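Source file: coords.txt (compact mmCIF, C-alpha atoms)
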# COMPACT_ATOMS: atom_id res chain seq x y z
CA MET A 194 0.01 -54.68 21.24
CA PHE A 195 1.58 -55.98 18.04
CA ASP A 196 4.14 -53.16 18.07
CA LEU A 197 5.03 -53.78 21.69
CA PHE A 198 5.54 -57.49 21.03
CA TYR A 199 7.65 -56.66 17.96
CA TYR A 200 9.92 -54.34 19.97
CA LEU A 201 10.27 -57.00 22.66
CA ILE A 202 11.38 -59.61 20.10
CA PHE A 203 13.68 -57.02 18.47
CA ALA A 204 15.37 -56.27 21.80
CA LEU A 205 15.70 -59.96 22.64
CA THR A 206 17.31 -60.68 19.26
CA VAL A 207 19.86 -57.88 19.67
CA LEU A 208 20.55 -59.02 23.24
CA GLY A 209 21.20 -62.56 22.02
CA ALA A 210 23.52 -61.33 19.27
CA GLY A 211 25.38 -59.21 21.81
CA LEU A 212 25.82 -62.25 24.02
CA VAL A 213 27.18 -64.22 21.03
CA LEU A 214 29.66 -61.42 20.50
CA PHE A 215 30.80 -60.76 24.08
CA THR A 216 30.73 -64.17 25.75
CA ARG A 217 34.09 -65.90 25.95
CA ASP A 218 32.66 -69.36 26.64
CA THR A 219 31.84 -71.02 23.30
CA VAL A 220 28.98 -73.09 24.74
CA LYS A 221 27.26 -69.98 26.12
CA SER A 222 27.90 -68.26 22.79
CA ALA A 223 26.15 -71.11 20.97
CA MET A 224 23.22 -70.96 23.42
CA ALA A 225 22.88 -67.21 22.78
CA LEU A 226 22.86 -67.93 19.04
CA ILE A 227 20.00 -70.40 19.60
CA LEU A 228 18.13 -67.56 21.36
CA VAL A 229 18.70 -65.35 18.30
CA MET A 230 17.41 -68.07 15.98
CA VAL A 231 14.25 -68.67 18.03
CA CYS A 232 13.56 -64.91 18.09
CA LEU A 233 14.04 -64.77 14.32
CA ALA A 234 11.59 -67.67 13.96
CA VAL A 235 9.02 -65.62 15.91
CA ASN A 236 9.79 -62.72 13.59
CA PHE A 237 9.13 -64.94 10.55
CA LEU A 238 5.84 -66.00 12.11
CA MET A 239 4.88 -62.34 12.46
CA MET A 240 5.39 -62.06 8.69
CA GLN A 241 2.95 -64.99 8.20
CA ASN A 242 5.80 -67.16 6.95
CA GLU A 243 5.30 -70.38 8.95
CA PHE A 244 7.47 -72.47 6.63
CA VAL A 245 10.61 -70.41 7.22
CA ALA A 246 9.87 -70.22 10.95
CA LEU A 247 9.60 -74.01 11.13
CA ILE A 248 12.77 -74.76 9.18
CA GLN A 249 14.56 -72.06 11.17
CA ILE A 250 13.79 -73.99 14.36
CA ILE A 251 14.28 -77.49 12.94
CA ILE A 252 17.35 -77.02 10.72
CA TYR A 253 19.18 -74.14 12.40
CA ALA A 254 18.40 -74.36 16.09
CA GLY A 255 17.87 -78.11 15.96
CA ALA A 256 20.41 -79.61 13.57
CA ILE A 257 23.23 -77.15 12.90
CA MET A 258 23.63 -75.95 16.48
CA VAL A 259 23.72 -79.53 17.76
CA VAL A 260 26.68 -80.18 15.44
CA PHE A 261 28.37 -77.04 16.82
CA LEU A 262 27.83 -78.08 20.43
CA PHE A 263 29.04 -81.58 19.64
CA VAL A 264 32.31 -80.26 18.17
CA VAL A 265 32.78 -77.87 21.13
CA MET A 266 32.37 -80.83 23.45
CA LEU A 267 34.72 -82.98 21.35
CA LEU A 268 37.55 -80.45 21.24
CA ASN A 269 37.23 -79.30 24.89
CA LEU A 270 39.06 -76.00 24.34
CA ARG A 271 40.46 -73.91 27.15
CA GLU A 272 41.47 -70.32 26.65
CA ARG A 273 44.87 -70.14 28.33
CA GLU A 274 46.98 -67.22 27.18
CA GLN A 275 46.22 -63.61 26.37
CA ALA A 276 45.77 -62.64 22.72
CA PRO A 277 49.06 -61.45 21.15
CA TRP A 278 49.75 -57.74 20.59
CA TYR A 279 49.29 -57.73 16.81
CA LEU A 280 45.64 -58.72 17.21
CA ARG A 281 44.84 -55.44 19.03
CA ASP A 282 45.46 -53.35 15.89
CA ALA A 283 43.53 -55.80 13.75
CA ARG A 284 40.61 -55.64 16.18
CA PHE A 285 40.58 -51.85 16.20
CA TRP A 286 40.61 -51.49 12.42
CA GLY A 287 38.16 -54.33 11.96
CA GLY A 288 35.77 -52.68 14.40
CA ALA A 289 36.15 -49.33 12.66
CA LEU A 290 35.43 -50.90 9.26
CA ALA A 291 32.38 -52.73 10.65
CA LEU A 292 31.07 -49.44 12.05
CA ALA A 293 31.64 -47.77 8.68
CA PHE A 294 29.75 -50.61 6.98
CA PHE A 295 26.89 -50.24 9.44
CA LEU A 296 26.54 -46.50 8.87
CA LEU A 297 26.75 -46.82 5.10
CA ALA A 298 24.21 -49.65 4.93
CA ALA A 299 21.86 -47.90 7.38
CA PHE A 300 21.96 -44.85 5.11
CA GLY A 301 21.22 -47.09 2.14
CA VAL A 302 18.29 -48.78 3.87
CA LYS A 303 16.83 -45.48 5.01
CA THR A 304 17.22 -43.84 1.60
CA PHE A 305 16.52 -46.49 -1.00
CA ALA A 306 14.77 -49.52 0.46
CA ALA A 307 11.77 -47.68 1.86
CA ALA A 308 11.37 -45.69 -1.35
CA GLN A 309 11.56 -48.84 -3.43
CA ILE A 310 8.77 -50.45 -1.45
CA ALA A 311 6.68 -47.28 -1.52
CA GLY A 312 6.69 -46.64 -5.24
CA GLY A 313 8.65 -49.33 -7.08
CA HIS A 314 7.54 -52.77 -8.04
CA PRO A 315 3.90 -53.77 -8.04
CA ILE A 316 3.00 -55.72 -4.94
CA VAL A 317 1.58 -59.17 -5.68
CA HIS A 318 0.00 -61.38 -3.07
CA GLU A 319 1.21 -64.92 -3.44
CA PRO A 320 0.18 -67.26 -0.63
CA SER A 321 3.14 -68.18 1.55
CA ASP A 322 1.70 -71.12 3.48
CA VAL A 323 3.47 -74.47 3.69
CA THR A 324 1.36 -76.13 0.98
CA SER A 325 2.02 -73.55 -1.73
CA ILE A 326 5.73 -73.40 -0.91
CA ALA A 327 5.97 -77.19 -1.05
CA THR A 328 4.11 -77.27 -4.39
CA SER A 329 6.35 -74.59 -5.85
CA LEU A 330 9.43 -76.41 -4.54
CA VAL A 331 8.68 -79.56 -6.57
CA THR A 332 7.46 -77.78 -9.70
CA PHE A 333 9.20 -74.51 -10.58
CA TRP A 334 12.16 -74.88 -8.18
CA VAL A 335 12.69 -78.61 -8.68
CA LEU A 336 16.17 -78.38 -10.23
CA PRO A 337 17.72 -76.22 -7.45
CA PHE A 338 15.90 -78.39 -4.92
CA LEU A 339 17.51 -81.54 -6.32
CA LEU A 340 20.92 -79.81 -6.53
CA THR A 341 20.82 -79.17 -2.78
CA SER A 342 20.92 -82.93 -2.27
CA VAL A 343 24.17 -83.02 -4.30
CA ILE A 344 25.60 -80.24 -2.10
CA LEU A 345 24.69 -82.13 1.06
CA LEU A 346 26.16 -85.38 -0.28
CA VAL A 347 29.44 -83.69 -1.23
CA ALA A 348 29.56 -81.99 2.19
CA VAL A 349 29.04 -85.30 4.00
CA ILE A 350 31.79 -87.01 1.98
CA GLY A 351 34.14 -84.05 2.47
CA ALA A 352 33.51 -83.87 6.20
CA VAL A 353 34.14 -87.59 6.70
CA ALA A 354 37.25 -87.51 4.51
CA MET A 355 38.74 -84.58 6.42
CA ALA A 356 37.90 -85.52 9.98
CA ARG A 357 38.96 -89.16 9.91
CA ARG A 358 42.07 -90.17 11.77
CA GLN A 359 45.20 -91.01 9.75
CA ASP A 360 48.73 -92.17 10.60
CA GLU A 361 51.90 -90.70 9.05
CA ASP A 362 51.59 -92.68 5.79
CA GLY A 363 48.00 -91.60 5.27
CA ASN A 364 46.54 -94.97 6.22
CA GLU A 365 43.31 -95.06 8.14
CA ILE A 366 43.45 -95.92 11.81
CA THR A 367 40.62 -98.18 12.82
CA ILE A 368 39.38 -98.21 16.37
CA ASP A 369 40.10 -101.48 18.14
CA THR A 370 36.88 -102.59 19.75
CA GLU A 371 38.27 -105.63 21.58
CA MET B 718 2.47 -55.23 5.80
CA SER B 719 3.11 -52.64 8.40
CA PRO B 720 5.99 -50.27 7.62
CA LEU B 721 7.25 -50.84 11.17
CA LEU B 722 7.80 -54.53 10.48
CA PHE B 723 9.64 -53.94 7.20
CA GLU B 724 11.98 -51.12 8.23
CA GLY B 725 12.45 -52.61 11.68
CA ASN B 726 13.40 -55.95 10.15
CA LEU B 727 15.89 -54.34 7.77
CA LEU B 728 17.47 -52.50 10.70
CA LEU B 729 17.52 -55.71 12.76
CA SER B 730 19.11 -57.59 9.88
CA LEU B 731 21.74 -54.86 9.55
CA LEU B 732 22.47 -54.93 13.30
CA LEU B 733 22.86 -58.71 13.31
CA PHE B 734 25.09 -58.63 10.23
CA THR B 735 27.36 -55.96 11.75
CA MET B 736 27.60 -57.94 14.99
CA GLY B 737 28.52 -60.99 12.90
CA ILE B 738 31.31 -59.01 11.21
CA LEU B 739 32.56 -57.86 14.61
CA GLY B 740 32.55 -61.45 15.83
CA VAL B 741 34.51 -62.63 12.80
CA VAL B 742 37.07 -59.84 13.30
CA TRP B 743 37.36 -59.95 17.09
CA LYS B 744 37.12 -63.62 18.01
CA ARG B 745 40.18 -65.82 18.18
CA ASN B 746 38.55 -69.21 18.59
CA ALA B 747 37.66 -70.61 15.17
CA ILE B 748 34.35 -72.06 16.41
CA ALA B 749 33.33 -68.63 17.76
CA VAL B 750 34.21 -67.12 14.37
CA PHE B 751 32.02 -69.75 12.73
CA LEU B 752 29.14 -68.94 15.09
CA SER B 753 29.44 -65.31 13.97
CA VAL B 754 29.28 -66.42 10.33
CA GLU B 755 26.04 -68.25 11.16
CA LEU B 756 24.76 -65.00 12.69
CA MET B 757 25.50 -63.20 9.42
CA LEU B 758 23.70 -65.91 7.43
CA ASN B 759 20.68 -65.50 9.69
CA ALA B 760 20.73 -61.75 9.12
CA ALA B 761 20.79 -62.30 5.35
CA ASN B 762 17.87 -64.71 5.66
CA LEU B 763 15.87 -62.16 7.62
CA ALA B 764 16.50 -59.47 4.99
CA ILE B 765 15.50 -61.80 2.15
CA VAL B 766 12.29 -62.92 3.82
CA SER B 767 11.31 -59.35 4.75
CA PHE B 768 11.85 -58.08 1.21
CA ALA B 769 9.85 -60.98 -0.21
CA HIS B 770 7.10 -60.37 2.32
CA ALA B 771 7.02 -56.65 1.53
CA HIS B 772 6.52 -57.49 -2.15
CA GLY B 773 4.01 -60.23 -1.37
CA LEU B 774 6.23 -62.91 -2.92
CA MET B 775 6.64 -66.42 -1.56
CA SER B 776 10.02 -67.18 -3.18
CA GLY B 777 11.76 -65.63 -0.16
CA GLY B 778 10.96 -68.73 1.86
CA ILE B 779 12.38 -70.99 -0.85
CA LEU B 780 15.57 -68.93 -1.05
CA ALA B 781 15.82 -69.11 2.76
CA LEU B 782 15.56 -72.90 2.55
CA PHE B 783 18.44 -73.03 0.05
CA ILE B 784 20.55 -70.73 2.23
CA MET B 785 19.95 -72.98 5.21
CA THR B 786 21.00 -76.03 3.17
CA VAL B 787 24.25 -74.34 2.19
CA ALA B 788 24.77 -73.26 5.82
CA ALA B 789 24.32 -76.85 6.98
CA ALA B 790 26.82 -78.14 4.40
CA GLU B 791 29.24 -75.38 5.35
CA ALA B 792 28.92 -76.14 9.07
CA GLY B 793 29.62 -79.84 8.47
CA VAL B 794 32.72 -79.25 6.34
CA GLY B 795 34.00 -76.35 8.46
CA LEU B 796 33.74 -78.24 11.73
CA ALA B 797 35.48 -81.24 10.14
CA ILE B 798 38.33 -78.89 9.18
CA PHE B 799 38.49 -77.65 12.78
CA ILE B 800 38.73 -81.22 14.08
CA ALA B 801 41.58 -81.98 11.66
CA LEU B 802 43.25 -78.68 12.65
CA PHE B 803 42.91 -79.42 16.36
CA ARG B 804 44.54 -82.79 15.81
CA ALA B 805 47.52 -81.14 14.09
CA LYS B 806 48.03 -78.08 16.35
CA GLN B 807 46.20 -78.79 19.65
CA ASN B 808 44.33 -75.49 19.31
CA ILE B 809 42.13 -73.72 16.77
CA HIS B 810 43.26 -70.11 17.10
CA VAL B 811 42.64 -68.39 13.78
CA ASP B 812 45.80 -66.26 14.02
CA GLU B 813 48.05 -69.29 14.24
CA VAL B 814 46.83 -70.89 11.02
CA ASP B 815 48.95 -69.08 8.43
CA LEU B 816 50.14 -71.90 6.20
CA MET B 817 48.51 -70.37 3.10
CA ARG B 818 49.29 -66.73 3.91
CA GLY B 819 50.71 -65.01 0.85

Now, as a test, write the supplied structure out as structure tokens.
Amino acid sequence: MFDLFYYLIFALTVLGAGLVLFTRDTVKSAMALILVMVCLAVNFLMMQNEFVALIQIIIYAGAIMVVFLFVVMLLNLREREQAPWYLRDARFWGGALALAFFLLAAFGVKTFAAAQIAGGHPIVHEPSDVTSIATSLVTFWVLPFLLTSVILLVAVIGAVAMARRQDEDGNEITIDTE
Amino acid sequence: MSPLLFEGNLLLSLLLFTMGILGVVWKRNAIAVFLSVELMLNAANLAIVSFAHAHGLMSGGILALFIMTVAAAEAGVGLAIFIALFRAKQNIHVDEVDLMRG
């Protein structure tokens, strides 16, 4: 039962990723990515990691994807012309390199990762519920946790500075509300 | 921890990451490229959490939280760049932005 459910989620995740890859419409692509994120949240729940599952839904599917959809709506892009010839070569070699990466990494996973789990480090059993993660976040991890707020602040300032409208002299254009 | 869950998750993470690479290489629309980058970040998150779970550690969840924070910051700044780019060029095709090409 558990295995069957796992394979179902696995297939759904790969299907969503394939849709992200092969859909031309950006909105549908973003929707497919939301499907992938929800499936990954279910996967995290199957690993008894509720905290990551929750922030996956709230931050990724909730916050980040809304920003994406908002920008797609704002720009209103239309794909008009065919891709130029020089992109065909780039696509072929890029695809070949990605395939090579996949084969190499699959070999690595099959050879080393399983062996490392089987006979490597001792397995400890820390609790991974929300309470212990929250406690650890404000004790041992407090400095990185506070630094994330600096990152977010810098990102907000940078985003506003770059996206605001300017005239030729670099002066800000204010919207006339009258 | 069932071995199915661990090896299956590593394979899933690898599949998602490869599809993200393909998206970055194949797509022409900068927002679609960015969506593929998010796919790759998700794959990395999945790998981190599965490794931490296989070892019985909880720090995987904390690392995943930090990755998500960086992804959020990156999405905000990146999309702001796309808006500025769209204003200058009326499109956001990645092959037409070659101002800093060496």

Could you tell me which residues of chain A sit within 6 Å of chain B when counting only C-alpha atoms, and give me the result as a list in words?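 Applying the cut-off to the listed atoms yields Leu214, Val245, Arg284, Gly287, Ile316, Val317, His318, Glu319, Ser321, Leu345, Ala348, Ala352, Met355 and Ala356 of chain A.
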
Counting only C-alpha atoms, figure out which residue out of A:Leu268, A:Leu280, A:Val349, A:Ile227 gets nearest to Ile251 (chain A).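 For Ile251 (chain A), the nearest of the candidates is A:Ile227.
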
For CA of Ala299 (chain A) and CA of Ala223 (chain A), quote the distance in Å rounded to one decimal.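 A separation of 27.2 Å between them.
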
How would region 739-769 of chain B look with N, CA and C atoms restored, written as an mmCIF file, in the frame of the given file?
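Result file selection22.cif:
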data_model
loop_
_atom_site.group_PDB
_atom_site.id
_atom_site.type_symbol
_atom_site.label_atom_id
_atom_site.label_comp_id
_atom_site.auth_asym_id
_atom_site.auth_seq_id
_atom_site.Cartn_x
_atom_site.Cartn_y
_atom_site.Cartn_z
ATOM 1 N N LEU B 739 31.730 -58.113 13.430
ATOM 2 C CA LEU B 739 32.560 -57.860 14.610
ATOM 3 C C LEU B 739 33.038 -59.166 15.223
ATOM 4 N N GLY B 740 32.152 -60.156 15.280
ATOM 5 C CA GLY B 740 32.550 -61.450 15.830
ATOM 6 C C GLY B 740 33.642 -62.095 15.001
ATOM 7 N N VAL B 741 33.493 -62.036 13.672
ATOM 8 C CA VAL B 741 34.510 -62.630 12.800
ATOM 9 C C VAL B 741 35.853 -61.931 13.002
ATOM 10 N N VAL B 742 35.818 -60.594 13.176
ATOM 11 C CA VAL B 742 37.070 -59.840 13.300
ATOM 12 C C VAL B 742 37.684 -60.008 14.690
ATOM 13 N N TRP B 743 36.845 -60.014 15.728
ATOM 14 C CA TRP B 743 37.360 -59.950 17.090
ATOM 15 C C TRP B 743 37.689 -61.309 17.692
ATOM 16 N N LYS B 744 36.960 -62.347 17.307
ATOM 17 C CA LYS B 744 37.120 -63.620 18.010
ATOM 18 C C LYS B 744 38.386 -64.325 17.562
ATOM 19 N N ARG B 745 38.946 -65.115 18.468
ATOM 20 C CA ARG B 745 40.180 -65.820 18.180
ATOM 21 C C ARG B 745 39.935 -67.315 17.994
ATOM 22 N N ASN B 746 38.913 -67.796 18.684
ATOM 23 C CA ASN B 746 38.550 -69.210 18.590
ATOM 24 C C ASN B 746 37.784 -69.445 17.275
ATOM 25 N N ALA B 747 38.246 -70.415 16.499
ATOM 26 C CA ALA B 747 37.660 -70.610 15.170
ATOM 27 C C ALA B 747 36.184 -70.968 15.251
ATOM 28 N N ILE B 748 35.771 -71.697 16.297
ATOM 29 C CA ILE B 748 34.350 -72.060 16.410
ATOM 30 C C ILE B 748 33.518 -70.809 16.674
ATOM 31 N N ALA B 749 34.046 -69.877 17.491
ATOM 32 C CA ALA B 749 33.330 -68.630 17.760
ATOM 33 C C ALA B 749 33.214 -67.806 16.474
ATOM 34 N N VAL B 750 34.274 -67.809 15.663
ATOM 35 C CA VAL B 750 34.210 -67.120 14.370
ATOM 36 C C VAL B 750 33.117 -67.725 13.500
ATOM 37 N N PHE B 751 33.030 -69.052 13.534
ATOM 38 C CA PHE B 751 32.020 -69.750 12.730
ATOM 39 C C PHE B 751 30.609 -69.432 13.214
ATOM 40 N N LEU B 752 30.453 -69.328 14.543
ATOM 41 C CA LEU B 752 29.140 -68.940 15.090
ATOM 42 C C LEU B 752 28.749 -67.554 14.571
ATOM 43 N N SER B 753 29.731 -66.647 14.479
ATOM 44 C CA SER B 753 29.440 -65.310 13.970
ATOM 45 C C SER B 753 29.045 -65.362 12.497
ATOM 46 N N VAL B 754 29.670 -66.272 11.735
ATOM 47 C CA VAL B 754 29.280 -66.420 10.330
ATOM 48 C C VAL B 754 27.825 -66.888 10.240
ATOM 49 N N GLU B 755 27.440 -67.805 11.139
ATOM 50 C CA GLU B 755 26.040 -68.250 11.160
ATOM 51 C C GLU B 755 25.109 -67.079 11.469
ATOM 52 N N LEU B 756 25.554 -66.191 12.369
ATOM 53 C CA LEU B 756 24.760 -65.000 12.690
ATOM 54 C C LEU B 756 24.552 -64.144 11.448
ATOM 55 N N MET B 757 25.622 -63.996 10.641
ATOM 56 C CA MET B 757 25.500 -63.200 9.420
ATOM 57 C C MET B 757 24.561 -63.865 8.428
ATOM 58 N N LEU B 758 24.610 -65.195 8.332
ATOM 59 C CA LEU B 758 23.700 -65.910 7.430
ATOM 60 C C LEU B 758 22.248 -65.711 7.856
ATOM 61 N N ASN B 759 22.023 -65.733 9.178
ATOM 62 C CA ASN B 759 20.680 -65.500 9.690
ATOM 63 C C ASN B 759 20.189 -64.114 9.346
ATOM 64 N N ALA B 760 21.101 -63.124 9.458
ATOM 65 C CA ALA B 760 20.730 -61.750 9.120
ATOM 66 C C ALA B 760 20.337 -61.655 7.654
ATOM 67 N N ALA B 761 21.107 -62.317 6.783
ATOM 68 C CA ALA B 761 20.790 -62.300 5.350
ATOM 69 C C ALA B 761 19.429 -62.935 5.098
ATOM 70 N N ASN B 762 19.162 -64.048 5.792
ATOM 71 C CA ASN B 762 17.870 -64.710 5.660
ATOM 72 C C ASN B 762 16.728 -63.792 6.043
ATOM 73 N N LEU B 763 16.913 -63.071 7.156
ATOM 74 C CA LEU B 763 15.870 -62.160 7.620
ATOM 75 C C LEU B 763 15.605 -61.072 6.585
ATOM 76 N N ALA B 764 16.680 -60.516 6.004
ATOM 77 C CA ALA B 764 16.500 -59.470 4.990
ATOM 78 C C ALA B 764 15.759 -60.022 3.784
ATOM 79 N N ILE B 765 16.145 -61.218 3.328
ATOM 80 C CA ILE B 765 15.500 -61.800 2.150
ATOM 81 C C ILE B 765 14.020 -62.023 2.387
ATOM 82 N N VAL B 766 13.695 -62.617 3.552
ATOM 83 C CA VAL B 766 12.290 -62.920 3.820
ATOM 84 C C VAL B 766 11.486 -61.625 3.988
ATOM 85 N N SER B 767 12.084 -60.590 4.617
ATOM 86 C CA SER B 767 11.310 -59.350 4.750
ATOM 87 C C SER B 767 11.060 -58.677 3.422
ATOM 88 N N PHE B 768 12.067 -58.680 2.543
ATOM 89 C CA PHE B 768 11.850 -58.080 1.210
ATOM 90 C C PHE B 768 10.767 -58.843 0.455
ATOM 91 N N ALA B 769 10.855 -60.182 0.493
ATOM 92 C CA ALA B 769 9.850 -60.980 -0.210
ATOM 93 C C ALA B 769 8.467 -60.732 0.360
#
